[in-house]
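Written below as structure tokens is the structure these notes are about.
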Amino acid sequence: MAIPSYTTTPVEEIPKIRDGLKRAFRTGKTKPIQFRKQQLLALAYLVKDNVALFQEALAADLGRSDTESSVLEIGGTLSEAMGAYHSVAKWAKPDHPPWSFNWFTMKPTIRKEPKGAVLIISPFNYPMWLLLGPLAGAIAAGNACVLKPSELTPAFSALVADLAPKYLDPELYTVINGAIPETTKILELQWDHILYTGSSRVASIVLTAAAKTLSPVTTELGGKSPAVIDPDCDLALSAKRLMWGKVANAGQTCVAPDYVLVPKPFVDKFIGACKDVLKEFFPDGAASSNSFSRIVSPSHFARIKGLLDRTHGQVAYGGATDAEKKFIEPTIVTGVGHDDSLMGEEIFGPVLPIVGVDDLDEAIEFINSRDHPLALYVFSSNSSFKSKVVENTQSGSVVINDTLIQAAAEGLPFGGIGPSGAGAHTGKFTFDTFTHLRATLDNPRFTEYFVWPRYPPYTEKKAKSFASLVFPSVPARTAVGAKRA
């Protein structure tokens with residue numbers, strides 16, 4: 001099978017698609033757990049049956065090797081589908097709050113109900129994992145779903161649009177392809193939940209549009225994720241793990257280490273270790289390596305090259321570019337200040353600025369003076385050093401002595417904080433994102449014996465009778481050192 005040509009969805013069809021999904025959802029078809037499991041298994045086979053085609057599409061769009069696509073996306077997407085398949089019955093079971101004398105007779109229950117017709121907008125950098133991975137959670141939660149992949153990955157987007165109706169129920173799950181006009185029309189519509197992954201600039205557009213329809217939104221945005229280096233680390237291994245996180249997918253990863261904070265006396269030694277790693281990764285240079293991806297588009301290439309051209313730092317390694325091939329060599333830049341071009345925005349490419357600091361306190365202050373990042377990395381063998389960084393910073397996640405792996409770790413949420421995103425996904429967290437927690441009570445007749453004081457007319461007797469039910473006991477002030485006003 002050849003990868004089909006990329007075609008956009010007619011704008012006038014988009015409201016009809018959304019309305020069709022809402023009608024299909026209202027039939028109740030998605031509610032049975034068995035149906036959800038059937039669709040999750042179908043999603044797993046959509047991936048499994050077409051691994052070679054997905055590898056081909058991702059190579060066409062991103063210049064990515066088959067091995068890297070399998071490691072970074074395809075395996076993780078299949079794991080998301082199968083994890084949801086095996087767990088959906090447990091996830092969807094109703095919960096009950098802790099036993100309470102006041103409420104137990106009313107059988108308080110938290111039902112896990114689907115939200116309805118939801119929308120997933122995914123970026124170009126991990127087009128498969130950030131589209132089909134969340135879809136697994138949306139299916140498990142019992143929703144109908146529109147998938148909007150990036151127009152910057154036309155081969156993948158065309159392929160997934162072609163495969164989806166062959167594997168999944170087309171009345172409930174569909175792909176809309178297009179760019180700004182199509183996305184604008186999508187966002188004019190009300191959705192029962194939106195999961196958007198991408199840039200902060202576009203997120204502000206998505207959130208503004210969603211506010212007009214009161215559509216709830218989860219965002220996963222990125223930002224400048226720092227790495228903090230302690231001279232007391234396994235230098236060779238730290239450099240290898242750090243540089244892998246930087247050059248994977250040519251640095252086009254939302255949790256890639258964006259810059260490195262290194263004690264000034266240790267900078268040269270650290271850069272030397274990073275150079276050794278890059279020579280090991282790409283013995284004949286990254287330009288001729290089939291293990292190094294390319295930048296997704298000419299405009300993204302020009303943006304990254306512009307940041308590199310304007311830096312006041314010194315290129316310690318790399319720096320070569322080729323606009324025709326959208327190639328930017330893995331590059332290390334030293335002597336970078338806080339106001340440098342490389343520090344003004346997320347780089348999203350294989351350029352690594354090195355920021356020298358006097359001590360750990362300065363590194364922490366530097367991190368805290370900027371927006372909360374999606375990820376923070378610490379390389380150290382010293383438990384006190386690790387603890388000090390973690391306890392005195394904020395970020396979506398923290399990884400010690402490695403990079404990128406938090407996105408694949410089972411049972412952990414993947415998401416940001418503040419400007420780097422709101423909410424989380426992967427595994428059960430995706431299920432929770434697309435699930436409405438519906439509180440239910442069933443109040444029997446005999447409780448009138450206890451609740452009769454709530455009805456007017458109110459009297460002192462009723463007030464005293466009801467006080468024992470509505471006012472909880474409070475410990476003495478001395479128990480917690482509380483002060484009297």
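Labeling convention for the structure tokens: chains A, B, ... as they appear, residues from 1 per chain, ligands from 1 in order of appearance.
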Skip A:His338 itself and residues of its chain fewer than 3 positions away, then list as a ChimeraX atom specification all residues within 9 Å of it, counting only C-alpha atoms.
/A:341-344,355,366
Could you take the residues named above and write them with N, CA, C and O atoms, as a PDB file, in the first residue's frame?
```pdb
ATOM      1  N   SER A 341      19.755  35.551  22.231  1.00  0.00           N
ATOM      2  CA  SER A 341      18.695  35.114  21.310  1.00  0.00           C
ATOM      3  C   SER A 341      18.283  33.672  21.578  1.00  0.00           C
ATOM      4  O   SER A 341      17.105  33.317  21.425  1.00  0.00           O
ATOM      5  N   LEU A 342      19.229  32.847  21.995  1.00  0.00           N
ATOM      6  CA  LEU A 342      18.923  31.442  22.250  1.00  0.00           C
ATOM      7  C   LEU A 342      18.127  31.240  23.534  1.00  0.00           C
ATOM      8  O   LEU A 342      17.634  30.134  23.792  1.00  0.00           O
ATOM      9  N   MET A 343      17.989  32.288  24.338  1.00  0.00           N
ATOM     10  CA  MET A 343      17.247  32.174  25.586  1.00  0.00           C
ATOM     11  C   MET A 343      15.897  32.876  25.523  1.00  0.00           C
ATOM     12  O   MET A 343      15.159  32.915  26.509  1.00  0.00           O
ATOM     13  N   GLY A 344      15.554  33.439  24.377  1.00  0.00           N
ATOM     14  CA  GLY A 344      14.314  34.201  24.271  1.00  0.00           C
ATOM     15  C   GLY A 344      13.081  33.368  24.020  1.00  0.00           C
ATOM     16  O   GLY A 344      11.962  33.812  24.263  1.00  0.00           O
ATOM     17  N   VAL A 355      24.891  27.749  29.821  1.00  0.00           N
ATOM     18  CA  VAL A 355      24.876  28.945  30.658  1.00  0.00           C
ATOM     19  C   VAL A 355      25.731  28.669  31.885  1.00  0.00           C
ATOM     20  O   VAL A 355      25.412  27.782  32.689  1.00  0.00           O
ATOM     21  N   PHE A 366      18.026  31.347  38.456  1.00  0.00           N
ATOM     22  CA  PHE A 366      17.869  31.504  37.005  1.00  0.00           C
ATOM     23  C   PHE A 366      16.615  30.785  36.521  1.00  0.00           C
ATOM     24  O   PHE A 366      15.816  31.335  35.751  1.00  0.00           O
TER      25      PHE A 366
END
```
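Among the residues of stretch 371-406 of chain A, backbone DSSP assigns alpha helix (DSSP H) to Ser383, Ser384, Phe385, Lys386, Ser387, Lys388, Val389, Val390 and Glu391 of chain A.
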Residues at most 12 Å from A:Val202, counting only C-alpha atoms, excluding those fewer than 5 positions away in the same chain, as a PyMOL selection string?
chain A and resi 121-123+180+183-184+187+196-197+207-209+219-221
Output file for the residues above (C-alpha atoms, as a PDB file, in the first residue's frame):
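Dumped to selection28.pdb:
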```pdb
ATOM      1  CA  ILE A 121      -5.280  18.675  18.132  1.00  0.00           C
ATOM      2  CA  SER A 122      -1.769  17.295  17.791  1.00  0.00           C
ATOM      3  CA  PRO A 123       1.555  18.869  16.732  1.00  0.00           C
ATOM      4  CA  ILE A 180      -5.634  27.528   9.501  1.00  0.00           C
ATOM      5  CA  THR A 183      -8.779  24.633  12.356  1.00  0.00           C
ATOM      6  CA  THR A 184     -10.513  27.999  12.661  1.00  0.00           C
ATOM      7  CA  LEU A 187     -12.662  25.981  16.950  1.00  0.00           C
ATOM      8  CA  TYR A 196      -4.312  20.706  22.460  1.00  0.00           C
ATOM      9  CA  THR A 197      -0.598  20.016  22.175  1.00  0.00           C
ATOM     10  CA  LEU A 207      -8.064  29.012  24.451  1.00  0.00           C
ATOM     11  CA  THR A 208      -9.608  32.277  23.240  1.00  0.00           C
ATOM     12  CA  ALA A 209     -11.804  30.423  20.755  1.00  0.00           C
ATOM     13  CA  THR A 219      -3.005  22.078  27.045  1.00  0.00           C
ATOM     14  CA  GLU A 220       0.468  20.572  26.756  1.00  0.00           C
ATOM     15  CA  LEU A 221       2.783  23.328  25.571  1.00  0.00           C
TER      16      LEU A 221
END
```
Write down as a ChimeraX atom specification the residues belonging to stretch 88-266 of chain A that are assigned strand (DSSP E) by DSSP computed on the backbone.
/A:109-114,117-121,144-148,173-175,193-197,217-220,225-229,257-263
Same residues, N, CA and C atoms, output as a CSV table (one decimal), in the first residue's frame:
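result_24.csv written:
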```csv
chain,number,residue,atom,x,y,z
A,109,THR,N,-22.2,8.2,45.3
A,109,THR,CA,-21.4,7.5,44.2
A,109,THR,C,-20.8,8.5,43.2
A,110,ILE,N,-19.6,8.2,42.7
A,110,ILE,CA,-19.0,9.0,41.7
A,110,ILE,C,-19.0,8.1,40.4
A,111,ARG,N,-19.8,8.5,39.5
A,111,ARG,CA,-19.9,7.8,38.2
A,111,ARG,C,-18.9,8.3,37.3
A,112,LYS,N,-18.2,7.4,36.5
A,112,LYS,CA,-17.2,7.8,35.5
A,112,LYS,C,-18.0,7.8,34.1
A,113,GLU,N,-18.3,9.0,33.7
A,113,GLU,CA,-19.1,9.1,32.5
A,113,GLU,C,-18.3,9.8,31.4
A,114,PRO,N,-18.6,9.4,30.1
A,114,PRO,CA,-17.9,10.1,29.0
A,114,PRO,C,-18.4,11.6,28.9
A,117,ALA,N,-18.5,14.6,22.7
A,117,ALA,CA,-17.7,14.7,21.4
A,117,ALA,C,-16.5,15.6,21.8
A,118,VAL,N,-15.3,15.0,21.7
A,118,VAL,CA,-14.1,15.6,22.1
A,118,VAL,C,-13.2,15.8,20.9
A,119,LEU,N,-12.2,16.7,21.1
A,119,LEU,CA,-11.3,17.1,20.0
A,119,LEU,C,-9.9,17.0,20.4
A,120,ILE,N,-9.1,16.3,19.6
A,120,ILE,CA,-7.6,16.2,19.9
A,120,ILE,C,-6.9,16.9,18.8
A,121,ILE,N,-6.1,18.0,19.1
A,121,ILE,CA,-5.3,18.7,18.1
A,121,ILE,C,-3.8,18.4,18.5
A,144,ALA,N,-16.9,10.2,21.7
A,144,ALA,CA,-16.7,10.3,20.3
A,144,ALA,C,-15.6,11.3,20.1
A,145,CYS,N,-14.9,11.2,19.0
A,145,CYS,CA,-13.6,12.0,18.9
A,145,CYS,C,-13.3,12.5,17.5
A,146,VAL,N,-12.9,13.7,17.3
A,146,VAL,CA,-12.3,14.2,16.1
A,146,VAL,C,-10.8,14.4,16.3
A,147,LEU,N,-10.1,13.9,15.4
A,147,LEU,CA,-8.6,14.0,15.4
A,147,LEU,C,-8.2,15.0,14.4
A,148,LYS,N,-7.4,16.0,14.8
A,148,LYS,CA,-6.9,17.0,13.9
A,148,LYS,C,-5.3,17.0,14.0
A,173,TYR,N,-15.4,8.2,15.4
A,173,TYR,CA,-14.0,8.6,15.3
A,173,TYR,C,-13.6,9.0,13.9
A,174,THR,N,-13.2,10.2,13.7
A,174,THR,CA,-12.9,10.7,12.4
A,174,THR,C,-11.7,11.7,12.4
A,175,VAL,N,-11.1,11.8,11.3
A,175,VAL,CA,-9.9,12.7,11.1
A,175,VAL,C,-10.3,13.9,10.3
A,193,HIS,N,-14.7,18.5,25.2
A,193,HIS,CA,-13.4,18.7,25.8
A,193,HIS,C,-12.4,18.8,24.6
A,194,ILE,N,-11.4,19.6,24.8
A,194,ILE,CA,-10.3,19.8,23.8
A,194,ILE,C,-9.0,19.5,24.4
A,195,LEU,N,-8.2,18.6,23.8
A,195,LEU,CA,-6.8,18.4,24.2
A,195,LEU,C,-5.9,19.0,23.1
A,196,TYR,N,-5.2,20.0,23.4
A,196,TYR,CA,-4.3,20.7,22.5
A,196,TYR,C,-2.9,20.5,22.9
A,197,THR,N,-2.0,20.1,22.0
A,197,THR,CA,-0.6,20.0,22.2
A,197,THR,C,0.1,20.9,21.1
A,217,VAL,N,-10.6,22.9,28.1
A,217,VAL,CA,-9.3,22.6,27.3
A,217,VAL,C,-8.2,22.1,28.2
A,218,THR,N,-7.5,21.1,27.8
A,218,THR,CA,-6.3,20.7,28.4
A,218,THR,C,-5.2,21.1,27.4
A,219,THR,N,-4.1,21.7,27.9
A,219,THR,CA,-3.0,22.1,27.0
A,219,THR,C,-1.7,21.4,27.5
A,220,GLU,N,-0.9,21.1,26.5
A,220,GLU,CA,0.5,20.6,26.8
A,220,GLU,C,1.3,21.4,25.8
A,225,SER,N,13.0,23.9,28.8
A,225,SER,CA,13.3,23.0,29.9
A,225,SER,C,14.8,22.9,30.2
A,226,PRO,N,15.2,23.3,31.4
A,226,PRO,CA,16.6,23.4,31.8
A,226,PRO,C,17.2,22.0,32.3
A,227,ALA,N,18.5,21.9,32.1
A,227,ALA,CA,19.2,20.8,32.8
A,227,ALA,C,20.2,21.5,33.7
A,228,VAL,N,20.3,20.9,34.9
A,228,VAL,CA,21.3,21.4,35.9
A,228,VAL,C,22.4,20.4,36.1
A,229,ILE,N,23.6,20.8,36.0
A,229,ILE,CA,24.7,19.8,36.0
A,229,ILE,C,25.5,20.1,37.4
A,257,PRO,N,15.9,18.8,26.6
A,257,PRO,CA,16.7,19.8,27.4
A,257,PRO,C,17.0,21.1,26.5
A,258,ASP,N,16.5,22.2,26.9
A,258,ASP,CA,16.6,23.4,26.1
A,258,ASP,C,17.9,24.2,26.3
A,259,TYR,N,18.3,24.2,27.6
A,259,TYR,CA,19.6,24.8,27.9
A,259,TYR,C,20.2,24.1,29.1
A,260,VAL,N,21.5,24.4,29.4
A,260,VAL,CA,22.1,23.7,30.5
A,260,VAL,C,22.8,24.7,31.4
A,261,LEU,N,22.6,24.5,32.7
A,261,LEU,CA,23.2,25.4,33.7
A,261,LEU,C,24.4,24.6,34.3
A,262,VAL,N,25.6,25.1,34.1
A,262,VAL,CA,26.8,24.4,34.5
A,262,VAL,C,27.7,25.3,35.3
A,263,PRO,N,28.3,24.9,36.4
A,263,PRO,CA,29.2,25.7,37.2
A,263,PRO,C,30.3,26.1,36.2
```
Quick one: residues within 9 Å of A:Asp432, only C-alpha atoms counted, chain neighbours fewer than 6 positions away excluded, as JSON, numbers by chain?
{"A": [91, 112, 137, 141, 424, 425]}
Create the file for the chosen residues now, containing N, CA and C atoms and written as a compact mmCIF listing (two decimals), in the first residue's frame.
```txt
# COMPACT_ATOMS: atom_id res chain seq x y z
N TRP A 91 -10.87 1.17 35.26
CA TRP A 91 -10.92 2.62 35.28
C TRP A 91 -12.36 3.13 35.33
N LYS A 112 -18.23 7.40 36.48
CA LYS A 112 -17.25 7.79 35.47
C LYS A 112 -17.96 7.82 34.12
N GLY A 137 -7.18 7.07 25.28
CA GLY A 137 -7.85 7.51 26.49
C GLY A 137 -9.26 8.00 26.23
N ALA A 141 -12.65 6.25 27.72
CA ALA A 141 -13.60 7.03 28.51
C ALA A 141 -15.00 7.04 27.90
N ALA A 424 -3.14 16.99 32.29
CA ALA A 424 -2.17 15.95 32.01
C ALA A 424 -2.82 14.84 31.19
N HIS A 425 -1.95 14.04 30.56
CA HIS A 425 -2.45 12.86 29.83
C HIS A 425 -1.42 11.75 29.94
```
Can you pull out every residue within 10 Å of stretch 400-415 of chain A, counting only C-alpha atoms, but drop anything in the same chain fewer than 5 positions away, and send it as a PyMOL selection string?
chain A and resi 72-73+75-77+79-80+83+197+218-222+227-229+233-234+237-246+248+253-257+374-381+386+390+395+420-430
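Atom CA of A:Ile74 to atom CA of A:Val51 spans 7.4 Å [interatomic distance, one decimal].
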